[in-house]
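Asks: Data: start.txt, compact mmCIF, C-alpha atoms.
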# COMPACT_ATOMS: atom_id res chain seq x y z
CA MET A 15 0.00 0.00 0.00
CA SER A 16 1.53 3.29 -1.11
CA ALA A 17 2.26 5.76 1.67
CA ARG A 18 1.81 8.55 -0.85
CA ARG A 19 -1.67 7.33 -1.73
CA GLU A 20 -2.62 7.20 1.95
CA ALA A 21 -1.41 10.76 2.47
CA ILE A 22 -3.39 11.98 -0.55
CA LEU A 23 -6.54 10.17 0.59
CA TRP A 24 -6.12 11.57 4.11
CA ILE A 25 -5.92 15.17 2.92
CA GLY A 26 -8.68 14.43 0.38
CA GLN A 27 -11.02 13.38 3.14
CA ARG A 28 -10.12 16.35 5.35
CA ALA A 29 -10.48 18.84 2.49
CA THR A 30 -13.85 17.44 1.40
CA ALA A 31 -14.97 17.58 5.06
CA VAL A 32 -14.33 21.34 5.02
CA VAL A 33 -16.37 21.69 1.81
CA LEU A 34 -19.16 19.52 3.27
CA ALA A 35 -19.31 21.59 6.47
CA VAL A 36 -20.13 24.68 4.40
CA CYS A 37 -22.47 22.82 2.02
CA VAL A 38 -24.48 21.19 4.81
CA VAL A 39 -24.96 24.53 6.60
CA VAL A 40 -26.17 26.23 3.39
CA HIS A 41 -28.39 23.24 2.55
CA LEU A 42 -30.02 23.15 6.02
CA ALA A 43 -30.45 26.92 6.15
CA THR A 44 -32.14 26.79 2.75
CA ILE A 45 -34.50 24.03 3.90
CA ILE A 46 -35.49 26.00 7.01
CA TYR A 47 -36.01 29.14 4.95
CA ALA A 48 -37.86 27.36 2.12
CA VAL A 49 -40.48 25.56 4.24
CA ARG A 50 -41.67 28.70 6.00
CA GLY A 51 -44.39 29.27 3.44
CA GLY A 52 -45.19 25.57 3.01
CA LEU A 53 -43.23 23.16 0.87
CA SER A 54 -44.09 22.04 -2.64
CA ALA A 55 -42.19 20.49 -5.53
CA GLY A 56 -43.23 23.40 -7.69
CA GLU A 57 -41.73 25.91 -5.29
CA ILE A 58 -38.42 24.03 -5.15
CA LEU A 59 -38.22 23.67 -8.91
CA ALA A 60 -39.05 27.33 -9.38
CA ARG A 61 -35.99 28.17 -7.34
CA THR A 62 -33.60 25.65 -8.91
CA ARG A 63 -34.61 25.38 -12.59
CA GLY A 64 -32.04 27.04 -14.78
CA SER A 65 -30.09 28.30 -11.81
CA ILE A 66 -26.36 28.07 -12.51
CA ALA A 67 -25.64 29.00 -8.89
CA TRP A 68 -27.72 26.16 -7.37
CA GLY A 69 -26.51 23.75 -10.04
CA THR A 70 -22.88 24.56 -9.23
CA PHE A 71 -23.49 24.44 -5.48
CA TYR A 72 -25.14 21.03 -5.51
CA SER A 73 -22.62 19.62 -8.00
CA VAL A 74 -19.80 20.57 -5.63
CA PHE A 75 -21.81 19.11 -2.73
CA VAL A 76 -22.32 15.82 -4.56
CA ILE A 77 -18.69 15.45 -5.62
CA ALA A 78 -17.38 16.29 -2.14
CA ALA A 79 -19.82 13.83 -0.52
CA ALA A 80 -18.85 11.08 -2.99
CA ILE A 81 -15.11 11.52 -2.36
CA HIS A 82 -15.55 11.83 1.42
CA GLY A 83 -17.91 8.87 1.64
CA ALA A 84 -15.85 6.56 -0.55
CA ILE A 85 -12.66 7.21 1.44
CA GLY A 86 -14.55 6.68 4.69
CA LEU A 87 -16.13 3.44 3.48
CA ARG A 88 -12.68 2.23 2.38
CA THR A 89 -11.49 2.67 5.98
CA VAL A 90 -14.57 0.98 7.43
CA ALA A 91 -14.14 -1.94 5.00
CA ALA A 92 -10.48 -2.31 5.97
CA GLU A 93 -11.00 -2.08 9.73
CA TRP A 94 -14.23 -4.00 10.17
CA LEU A 95 -14.23 -6.45 7.27
CA GLY A 96 -10.49 -6.83 6.69
CA PHE A 97 -11.24 -5.86 3.06
CA ARG A 98 -7.96 -4.33 1.84
CA GLY A 99 -5.76 -4.25 -1.23
CA ASP A 100 -6.45 -3.77 -4.93
CA ALA A 101 -9.95 -5.28 -4.86
CA ALA A 102 -10.94 -2.87 -2.06
CA GLU A 103 -9.48 0.09 -3.97
CA VAL A 104 -11.49 -0.83 -7.09
CA ALA A 105 -14.67 -1.43 -5.08
CA MET A 106 -14.45 1.94 -3.33
CA THR A 107 -13.65 3.74 -6.59
CA VAL A 108 -16.81 2.19 -8.07
CA VAL A 109 -18.81 3.27 -5.00
CA GLY A 110 -17.44 6.82 -5.29
CA LEU A 111 -18.13 7.08 -9.02
CA GLY A 112 -21.60 5.59 -8.47
CA LEU A 113 -22.37 8.29 -5.90
CA VAL A 114 -21.18 10.96 -8.34
CA VAL A 115 -23.37 9.61 -11.16
CA LEU A 116 -26.47 9.23 -8.97
CA GLY A 117 -25.95 12.60 -7.32
CA LEU A 118 -25.34 14.52 -10.52
CA ARG A 119 -28.44 12.91 -12.08
CA GLY A 120 -30.40 14.33 -9.14
CA VAL A 121 -28.83 17.75 -9.63
CA ALA A 122 -29.65 17.63 -13.37
CA ALA A 123 -33.26 16.72 -12.54
CA VAL A 124 -33.87 19.81 -10.39
CA VAL A 125 -31.71 22.27 -12.32
CA GLY A 126 -32.38 21.15 -15.90
CA ALA A 127 -35.32 22.28 -18.04
CA ALA A 128 -38.73 20.63 -17.61
CA MET B 14 -11.13 0.39 55.37
CA GLU B 15 -11.54 -3.38 55.09
CA SER B 16 -8.58 -5.34 56.37
CA PHE B 17 -8.25 -7.51 53.22
CA LEU B 18 -8.29 -6.96 49.48
CA ARG B 19 -9.85 -9.54 47.15
CA VAL B 20 -7.39 -9.75 44.27
CA SER B 21 -8.02 -11.64 41.01
CA VAL B 22 -4.76 -12.25 39.19
CA TRP B 23 -4.30 -13.67 35.70
CA ARG B 24 -2.48 -17.01 35.80
CA GLY B 25 -1.02 -18.91 32.88
CA GLY B 26 -0.67 -17.94 29.23
CA LYS B 27 -3.25 -17.07 26.57
CA ASP B 28 -5.66 -19.75 27.80
CA GLY B 29 -5.17 -19.02 31.47
CA ARG B 30 -7.71 -17.87 34.04
CA TYR B 31 -8.04 -15.52 36.99
CA GLN B 32 -7.07 -16.81 40.43
CA THR B 33 -8.27 -15.03 43.56
CA PHE B 34 -6.10 -14.16 46.56
CA GLU B 35 -6.76 -12.33 49.80
CA VAL B 36 -4.12 -9.74 50.53
CA PRO B 37 -3.85 -7.67 53.75
CA ARG B 38 -4.67 -4.05 53.12
CA GLN B 39 -2.04 -1.46 54.12
CA PRO B 40 -1.94 2.32 54.16
CA SER B 41 -0.40 3.85 51.00
CA GLN B 42 -0.32 0.41 49.36
CA THR B 43 0.42 0.29 45.64
CA VAL B 44 -0.80 -2.35 43.23
CA LEU B 45 2.81 -3.46 42.82
CA ASP B 46 2.96 -3.98 46.60
CA VAL B 47 -0.08 -6.24 46.28
CA VAL B 48 1.45 -8.33 43.49
CA THR B 49 4.74 -8.56 45.39
CA HIS B 50 2.91 -9.71 48.54
CA ILE B 51 1.21 -12.49 46.58
CA GLN B 52 4.50 -13.69 45.13
CA ARG B 53 6.45 -13.55 48.39
CA HIS B 54 3.82 -14.87 50.79
CA LEU B 55 1.05 -16.68 48.90
CA ASP B 56 2.32 -18.19 45.63
CA ALA B 57 6.00 -18.02 44.69
CA THR B 58 5.25 -19.21 41.13
CA LEU B 59 3.56 -15.91 40.20
CA SER B 60 5.48 -14.17 37.38
CA TYR B 61 5.52 -10.40 36.96
CA ARG B 62 7.95 -7.74 35.86
CA PHE B 63 9.25 -4.69 37.72
CA ALA B 64 12.53 -2.90 38.34
CA CYS B 65 12.69 0.64 39.76
CA ARG B 66 9.44 0.79 41.80
CA VAL B 67 9.38 4.60 41.44
CA GLY B 68 7.97 5.31 37.97
CA MET B 69 11.22 5.62 36.08
CA CYS B 70 11.72 2.33 34.23
CA GLY B 71 8.27 1.61 32.78
CA SER B 72 8.50 -2.17 33.27
CA CYS B 73 5.65 -2.81 35.76
CA ALA B 74 2.68 -1.82 33.56
CA MET B 75 -0.31 -4.16 33.87
CA THR B 76 -4.06 -4.06 33.39
CA VAL B 77 -5.58 -2.95 36.70
CA ASN B 78 -9.37 -3.05 37.01
CA GLY B 79 -9.71 -2.70 33.24
CA ALA B 80 -7.17 0.03 32.53
CA ALA B 81 -3.46 -0.17 31.73
CA ARG B 82 -1.40 1.43 34.49
CA TRP B 83 2.02 1.51 36.09
CA THR B 84 1.40 -0.68 39.13
CA CYS B 85 4.19 1.01 41.11
CA ARG B 86 2.52 4.42 40.89
CA THR B 87 -1.06 3.23 41.30
CA HIS B 88 -2.36 3.41 44.85
CA VAL B 89 -4.89 0.76 45.79
CA ASP B 90 -7.04 3.46 47.42
CA ASN B 91 -7.48 5.17 44.06
CA VAL B 92 -8.57 2.14 42.03
CA ALA B 93 -10.13 -0.31 44.49
CA ALA B 94 -12.27 1.65 46.90
CA ASP B 95 -14.53 -1.40 47.29
CA GLY B 96 -11.61 -3.70 48.08
CA ASN B 97 -11.68 -5.59 44.75
CA LEU B 98 -8.73 -5.67 42.38
CA ARG B 99 -8.43 -7.46 39.04
CA ILE B 100 -4.89 -7.55 37.70
CA GLY B 101 -3.95 -8.89 34.28
CA PRO B 102 -1.11 -8.57 31.80
CA LEU B 103 -1.08 -5.63 29.35
CA ALA B 104 -3.65 -6.00 26.55
CA ASN B 105 -2.78 -6.09 22.84
CA LEU B 106 0.39 -8.07 23.54
CA PRO B 107 0.96 -11.84 23.77
CA VAL B 108 1.03 -13.21 27.32
CA VAL B 109 4.27 -14.95 28.30
CA LYS B 110 2.98 -16.12 31.69
CA ASP B 111 0.77 -14.63 34.40
CA LEU B 112 1.32 -10.85 34.42
CA VAL B 113 4.24 -10.81 31.97
CA ALA B 114 3.46 -9.61 28.45
CA ASP B 115 5.76 -10.20 25.50
CA MET B 116 6.98 -6.70 24.55
CA ARG B 117 8.91 -7.70 21.40
CA GLU B 118 6.29 -6.59 18.88
CA PHE B 119 5.87 -3.30 20.74
CA PHE B 120 9.57 -2.45 20.43
CA ASP B 121 9.94 -3.93 16.93
CA LYS B 122 7.35 -1.37 15.84
CA TRP B 123 9.55 1.46 17.13
CA ALA B 124 12.21 0.21 14.73
CA ARG B 125 9.66 -0.19 11.91
CA ALA B 126 8.54 3.42 12.46
CA ARG B 127 12.18 4.44 11.88
CA GLY B 128 12.66 5.43 15.49
CA GLN B 129 16.45 5.59 15.05
CA PHE B 130 18.23 8.95 14.84
CA LYS B 131 20.32 9.46 11.69
CA GLY B 132 22.54 12.53 11.70
CA THR B 133 25.44 13.75 9.59
CA ARG B 134 27.97 14.77 12.25
CA THR B 135 30.61 12.59 13.82
CA ARG B 136 32.01 12.74 17.33
CA ARG B 137 34.81 14.96 15.99
CA ASP B 138 32.39 17.64 14.78
CA PRO B 139 31.16 20.39 17.09
CA LEU B 140 27.73 19.86 18.67
CA ALA B 141 24.76 21.01 16.63
CA ARG B 142 23.09 24.07 18.06
CA VAL B 143 19.30 23.84 18.25
CA ASP B 144 17.46 26.83 19.66
CA PRO B 145 15.41 25.56 22.66
CA ALA B 146 12.71 28.11 21.82
CA SER B 147 12.33 27.05 18.17
CA ALA B 148 9.02 25.42 17.19
CA PRO B 149 10.42 22.01 16.12
CA ARG B 150 12.50 21.75 19.29
CA ARG B 151 9.45 22.52 21.44
CA GLU B 152 7.47 19.83 19.58
CA ALA B 153 10.25 17.30 20.19
CA ASP B 154 10.54 18.31 23.87
CA ALA B 155 6.80 17.83 24.39
CA ALA B 156 6.98 14.21 23.24
CA ILE B 157 10.48 13.07 24.22
CA GLU B 158 9.90 11.85 27.78
CA CYS B 159 8.36 8.49 26.78
CA ILE B 160 9.94 5.58 28.68
CA GLY B 161 8.35 2.81 26.62
CA CYS B 162 6.06 1.28 29.25
CA GLY B 163 3.44 0.17 26.71
CA VAL B 164 0.42 1.63 28.55
CA CYS B 165 -0.66 3.57 25.45
CA TYR B 166 -0.21 0.56 23.17
CA ALA B 167 -2.30 -1.65 25.47
CA SER B 168 -5.05 1.01 25.59
CA CYS B 169 -5.27 1.68 21.84
CA ASP B 170 -8.43 0.51 20.05
CA VAL B 171 -6.75 0.73 16.66
CA VAL B 172 -4.02 -1.70 17.76
CA ALA B 173 -6.78 -4.08 18.89
CA TRP B 174 -8.47 -3.87 15.47
CA ASN B 175 -5.35 -3.88 13.30
CA PRO B 176 -2.38 -5.78 14.75
CA GLU B 177 -0.12 -4.19 12.12
CA TYR B 178 -0.81 -0.68 13.43
CA LEU B 179 2.43 0.82 14.73
CA GLY B 180 0.74 2.21 17.83
CA PRO B 181 0.96 5.45 19.81
CA ALA B 182 4.44 5.01 21.33
CA ALA B 183 6.25 4.16 18.09
CA LEU B 184 4.50 7.00 16.25
CA ASN B 185 5.24 9.40 19.12
CA ARG B 186 8.92 8.43 18.87
CA ALA B 187 8.85 9.00 15.11
CA TRP B 188 7.37 12.47 15.70
CA THR B 189 10.22 13.46 18.02
CA LEU B 190 12.62 12.63 15.16
CA VAL B 191 10.50 14.34 12.49
CA SER B 192 10.79 17.38 14.78
CA ASP B 193 14.58 16.94 15.09
CA VAL B 194 16.22 19.37 12.67
CA ARG B 195 19.48 17.36 12.75
CA ASP B 196 17.90 14.15 11.47
CA THR B 197 18.46 13.19 7.82
CA GLY B 198 16.11 10.21 7.43
CA GLN B 199 12.85 12.14 7.14
CA ALA B 200 11.45 10.96 3.78
CA ALA B 201 11.92 7.27 4.60
CA ARG B 202 10.46 7.84 8.07
CA LEU B 203 7.34 9.54 6.70
CA VAL B 204 6.83 6.62 4.32
CA ALA B 205 7.25 4.19 7.23
CA VAL B 206 4.68 5.94 9.45
CA SER B 207 2.03 6.53 6.77
CA GLY B 208 -0.70 4.28 5.57
CA ASP B 209 -2.83 1.45 6.88
CA ALA B 210 -0.44 0.63 9.72
CA GLY B 211 0.58 4.21 10.40
CA CYS B 212 -0.59 7.64 11.51
CA HIS B 213 -3.50 7.87 9.07
CA SER B 214 -5.27 5.01 10.83
CA CYS B 215 -5.46 6.84 14.19
CA HIS B 216 -9.10 7.50 15.16
CA THR B 217 -8.13 10.13 17.76
CA HIS B 218 -9.99 8.25 20.52
CA MET B 219 -7.21 9.60 22.76
CA SER B 220 -7.08 6.61 25.11
CA CYS B 221 -3.27 6.81 24.84
CA THR B 222 -3.29 10.44 25.90
CA GLU B 223 -5.76 9.86 28.72
CA LEU B 224 -3.78 6.99 30.23
CA CYS B 225 -0.14 7.96 29.55
CA PRO B 226 1.50 8.02 33.00
CA LYS B 227 3.98 10.62 31.74
CA ARG B 228 1.09 12.83 30.62
CA LEU B 229 2.34 12.92 27.04
CA SER B 230 -0.04 13.25 24.11
CA PRO B 231 0.72 10.64 21.45
CA THR B 232 -2.50 11.82 19.76
CA ARG B 233 -0.94 15.23 19.24
CA SER B 234 2.25 13.64 17.91
CA ILE B 235 0.25 11.49 15.48
CA GLY B 236 -1.59 14.62 14.32
CA GLY B 237 1.81 16.19 13.64
CA LEU B 238 2.84 13.17 11.60
CA LYS B 239 -0.36 13.39 9.55
CA ARG B 240 0.41 17.01 8.67
CA ALA B 241 4.05 16.19 7.94
CA SER B 242 2.96 13.30 5.70
CA LEU B 243 1.48 15.81 3.27
CA MET B 244 5.05 16.12 2.00
CA LEU B 245 4.58 12.61 0.60
CA ALA B 246 1.64 13.74 -1.50
CA LEU B 247 4.02 16.12 -3.28
CA MET B 248 6.75 13.55 -3.85
CA PRO B 249 7.18 11.43 -7.00
CA GLU B 250 5.36 8.06 -6.85
CA GLU B 251 8.55 5.96 -6.90
CA ASP B 252 9.94 7.65 -3.73
CA ALA B 253 6.79 7.29 -1.65
Can the structure in the file be given as structure tokens, please?
Replies:
Amino acid sequence: MSARREAILWIGQRATAVVLAVCVVVHLATIIYAVRGGLSAGEILARTRGSIAWGTFYSVFVIAAAIHGAIGLRTVAAEWLGFRGDAAEVAMTVVGLGLVVLGLRGVAAVVGAA
Amino acid sequence: MESFLRVSVWRGGKDGRYQTFEVPRQPSQTVLDVVTHIQRHLDATLSYRFACRVGMCGSCAMTVNGAARWTCRTHVDNVAADGNLRIGPLANLPVVKDLVADMREFFDKWARARGQFKGTRTRRDPLARVDPASAPRREADAAIECIGCGVCYASCDVVAWNPEYLGPAALNRAWTLVSDVRDTGQAARLVAVSGDAGCHSCHTHMSCTELCPKRLSPTRSIGGLKRASLMLALMPEEDA
């Protein structure tokens, strides 16, 4: 196992944690603000459709969560299941990419045109 | 104060069991006094390890009522108010016999973490001058007083999960050398202390820091190693 790879993954997880801390606060604040007048799909879509700002924000959120989660799951798999080595690296890369694809599909659904 | 302590002591090797003794209670009695009483007056076959009796050598560490401690500096009054003591060998290490743990793996990991100083000067060169107030020197000073008792290693959850993990003491030693401006083996040391068995696996539970009898913070040292390891991320693949 490459020491360099471990160092990169460590800083990758810490850096994405910083991004997630900001994203989660903005996301929760938006939820609290948005439900004050009742919550409907139409209201959400009215805010997000065609919005480059929300599209960018949630894309960053999704990518940071995918990286952070995949690195964390890799550690859980190693410590609790003894799942280490090349197979584990491939599996966690697939999990991370899967989260990116699923997440960005969701972003496209609320930001893209009807 | 009751006049006797009920003391369960681990007997045998890995598949041993606890044996109970009654030991007269004394004022200012340490756990090491209790173990010594058992060996001298109740069962001469009891094996345990000690040397200085005053908290300097680090050889008498055992598991006392669930926590790793120096037995010579642990007063019975502070850990067995109800008169019950359970004494076992240090956890996370193989048992040799009774209260004696096999420390080889613990010290081998110091070597694996590149705990050896490598300088450039010889005995004919003048001494290196390191400013005592400089930041690296203060980092090294804060971690240097470890005497290798193994209390942190026996208390570490990550060692229990991953037997390859270098452990708090070896990583703390490595940090004192990473903070030593005279040392020339830094890149190889950072490689040795990174990864699955190294500093990045620390969960910062801080059991080592809570229980260290010298009041050191291996957790802080490991945090320093994590930051220092970022240098590896900037190095070419073949060197790291």
Asks: Would you mind listing, as JSON, numbers by chain, all residues of chain A that have at least one atom within 10 Å of chain B, where only C-alpha atoms are what counts?
Replies: {"A": [15, 16, 17, 18, 19, 20, 21, 22, 23, 24, 25, 89, 92, 93, 94, 96, 98]}
Asks: If you measure from CA of Ala93 in chain B to CA of Leu59 in chain B, what distance in Å do you get, rounded to one decimal?
Replies: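 Separation between CA of Ala93 in chain B and CA of Leu59 in chain B: 21.2 Å.
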Asks: Work out how far apart CA of Trp68 in chain A and CA of Gly117 in chain A are and give it in Å to one decimal.
Replies: 13.7 Å
Asks: I'd like to know which of B:Val89, B:Val20, B:Cys165, B:Met69 is closest to Leu103 in chain B, using all atoms listed in the file.
Replies: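 Of B:Val89, B:Val20, B:Cys165, B:Met69, the one nearest Leu103 in chain B is B:Cys165, counting all atoms listed in the file.
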Asks: If I put a ball of radius 8 Å at (-19.2, 17.0, -1.2) in the file's coordinates, which residues poke into it when counting only C-alpha atoms, written as number ranges by chain?
Replies: A: 30-31, 33-34, 37, 74-82
Asks: Would you list the contacts of range 39-50 of chain B as a VMD selection string, taking every protein, DNA or RNA residue within 8 Å and counting all atoms listed in the file, but skipping same-chain residues closer than 5 positions in sequence?
Replies: chain B and resid 16 55 61 66 73 84 to 90
Asks: Tell me, in Å to one decimal, how far CA of Ala67 in chain A is from CA of Arg50 in chain A.
Replies: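 For CA of Ala67 in chain A relative to CA of Arg50 in chain A, the distance reads 21.9 Å.
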Asks: For each of A:Ala48, A:Ala35, A:Val90, A:Leu42, take the minimum atom-to-atom distance to Ala60 in chain A, counting all atoms listed in the file, then give the residue where this is smallest.
Replies: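 Among A:Ala48, A:Ala35, A:Val90, A:Leu42, it is A:Ala48 that comes nearest to Ala60 in chain A.
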Asks: Kindly indicate which residue among A:Arg61, A:Tyr72, A:Ile66, A:Val121 lies nearest to Val36 in chain A, using only C-alpha atoms for the distances.
Replies: A:Tyr72
Asks: Show me, as a PyMOL selection string, the residues that have an atom within 10 Å of Arg228 in chain B when counting only C-alpha atoms, minus same-chain residues fewer than 2 positions from it.
Replies: chain B and resi 155-156+158-159+221-226+230-231
Asks: Got a sec: who's within 7 Å of range 112-127 of chain B, counting all atoms listed in the file, leaving out chain neighbours fewer than 5 positions off, as a ChimeraX atom specification?
Replies: /B:23,60-62,75,101-103,106-107,179,183-184,187,202,205-206
Asks: Could you give me, as a list of chain:residue names, the residues within 8 Å of Cys70 in chain B, counting only C-alpha atoms and dropping anything in the same chain fewer than 6 positions from it?
Replies: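 Contacts, in chain order: B:Ala64, B:Ile160, B:Cys162.
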Asks: Can we get range 28-52 of chain A of that structure written down with N, CA and C atoms, as a PDB file, in the first residue's frame?
Replies:
ATOM      1  N   ARG A  28     -10.035  15.147   4.513  1.00  0.00           N
ATOM      2  CA  ARG A  28     -10.122  16.349   5.351  1.00  0.00           C
ATOM      3  C   ARG A  28     -10.601  17.553   4.549  1.00  0.00           C
ATOM      4  N   ALA A  29     -10.093  17.691   3.319  1.00  0.00           N
ATOM      5  CA  ALA A  29     -10.479  18.843   2.492  1.00  0.00           C
ATOM      6  C   ALA A  29     -11.959  18.769   2.126  1.00  0.00           C
ATOM      7  N   THR A  30     -12.427  17.559   1.757  1.00  0.00           N
ATOM      8  CA  THR A  30     -13.849  17.444   1.402  1.00  0.00           C
ATOM      9  C   THR A  30     -14.728  17.653   2.635  1.00  0.00           C
ATOM     10  N   ALA A  31     -14.205  17.330   3.832  1.00  0.00           N
ATOM     11  CA  ALA A  31     -14.972  17.585   5.056  1.00  0.00           C
ATOM     12  C   ALA A  31     -15.204  19.081   5.241  1.00  0.00           C
ATOM     13  N   VAL A  32     -14.196  19.876   4.908  1.00  0.00           N
ATOM     14  CA  VAL A  32     -14.331  21.336   5.020  1.00  0.00           C
ATOM     15  C   VAL A  32     -15.416  21.822   4.055  1.00  0.00           C
ATOM     16  N   VAL A  33     -15.364  21.302   2.808  1.00  0.00           N
ATOM     17  CA  VAL A  33     -16.370  21.686   1.806  1.00  0.00           C
ATOM     18  C   VAL A  33     -17.761  21.265   2.285  1.00  0.00           C
ATOM     19  N   LEU A  34     -17.853  20.031   2.820  1.00  0.00           N
ATOM     20  CA  LEU A  34     -19.157  19.523   3.269  1.00  0.00           C
ATOM     21  C   LEU A  34     -19.709  20.334   4.433  1.00  0.00           C
ATOM     22  N   ALA A  35     -18.839  20.799   5.322  1.00  0.00           N
ATOM     23  CA  ALA A  35     -19.307  21.587   6.469  1.00  0.00           C
ATOM     24  C   ALA A  35     -20.052  22.827   5.971  1.00  0.00           C
ATOM     25  N   VAL A  36     -19.491  23.490   4.956  1.00  0.00           N
ATOM     26  CA  VAL A  36     -20.134  24.680   4.395  1.00  0.00           C
ATOM     27  C   VAL A  36     -21.418  24.287   3.665  1.00  0.00           C
ATOM     28  N   CYS A  37     -21.320  23.227   2.824  1.00  0.00           N
ATOM     29  CA  CYS A  37     -22.473  22.822   2.015  1.00  0.00           C
ATOM     30  C   CYS A  37     -23.658  22.409   2.887  1.00  0.00           C
ATOM     31  N   VAL A  38     -23.397  21.670   3.950  1.00  0.00           N
ATOM     32  CA  VAL A  38     -24.484  21.189   4.809  1.00  0.00           C
ATOM     33  C   VAL A  38     -25.165  22.370   5.494  1.00  0.00           C
ATOM     34  N   VAL A  39     -24.374  23.357   5.937  1.00  0.00           N
ATOM     35  CA  VAL A  39     -24.963  24.532   6.596  1.00  0.00           C
ATOM     36  C   VAL A  39     -25.868  25.288   5.618  1.00  0.00           C
ATOM     37  N   VAL A  40     -25.372  25.513   4.395  1.00  0.00           N
ATOM     38  CA  VAL A  40     -26.171  26.228   3.389  1.00  0.00           C
ATOM     39  C   VAL A  40     -27.434  25.431   3.059  1.00  0.00           C
ATOM     40  N   HIS A  41     -27.263  24.116   2.903  1.00  0.00           N
ATOM     41  CA  HIS A  41     -28.391  23.241   2.555  1.00  0.00           C
ATOM     42  C   HIS A  41     -29.469  23.280   3.652  1.00  0.00           C
ATOM     43  N   LEU A  42     -29.053  23.149   4.917  1.00  0.00           N
ATOM     44  CA  LEU A  42     -30.019  23.155   6.020  1.00  0.00           C
ATOM     45  C   LEU A  42     -30.682  24.523   6.168  1.00  0.00           C
ATOM     46  N   ALA A  43     -29.884  25.569   6.025  1.00  0.00           N
ATOM     47  CA  ALA A  43     -30.453  26.918   6.147  1.00  0.00           C
ATOM     48  C   ALA A  43     -31.490  27.144   5.055  1.00  0.00           C
ATOM     49  N   THR A  44     -31.196  26.636   3.855  1.00  0.00           N
ATOM     50  CA  THR A  44     -32.142  26.786   2.746  1.00  0.00           C
ATOM     51  C   THR A  44     -33.435  26.024   3.020  1.00  0.00           C
ATOM     52  N   ILE A  45     -33.299  24.827   3.571  1.00  0.00           N
ATOM     53  CA  ILE A  45     -34.498  24.031   3.900  1.00  0.00           C
ATOM     54  C   ILE A  45     -35.365  24.791   4.900  1.00  0.00           C
ATOM     55  N   ILE A  46     -34.723  25.299   5.970  1.00  0.00           N
ATOM     56  CA  ILE A  46     -35.488  25.998   7.012  1.00  0.00           C
ATOM     57  C   ILE A  46     -36.174  27.238   6.427  1.00  0.00           C
ATOM     58  N   TYR A  47     -35.436  27.941   5.562  1.00  0.00           N
ATOM     59  CA  TYR A  47     -36.006  29.138   4.948  1.00  0.00           C
ATOM     60  C   TYR A  47     -37.149  28.765   3.993  1.00  0.00           C
ATOM     61  N   ALA A  48     -36.919  27.686   3.200  1.00  0.00           N
ATOM     62  CA  ALA A  48     -37.855  27.364   2.123  1.00  0.00           C
ATOM     63  C   ALA A  48     -39.199  26.853   2.627  1.00  0.00           C
ATOM     64  N   VAL A  49     -39.209  26.145   3.785  1.00  0.00           N
ATOM     65  CA  VAL A  49     -40.476  25.564   4.238  1.00  0.00           C
ATOM     66  C   VAL A  49     -41.343  26.548   5.008  1.00  0.00           C
ATOM     67  N   ARG A  50     -40.884  27.774   5.183  1.00  0.00           N
ATOM     68  CA  ARG A  50     -41.668  28.704   5.998  1.00  0.00           C
ATOM     69  C   ARG A  50     -43.036  28.979   5.397  1.00  0.00           C
ATOM     70  N   GLY A  51     -43.091  29.012   4.083  1.00  0.00           N
ATOM     71  CA  GLY A  51     -44.387  29.267   3.443  1.00  0.00           C
ATOM     72  C   GLY A  51     -45.030  27.999   2.915  1.00  0.00           C
ATOM     73  N   GLY A  52     -44.707  26.850   3.528  1.00  0.00           N
ATOM     74  CA  GLY A  52     -45.193  25.567   3.013  1.00  0.00           C
ATOM     75  C   GLY A  52     -44.233  25.067   1.941  1.00  0.00           C
TER      76      GLY A  52
END
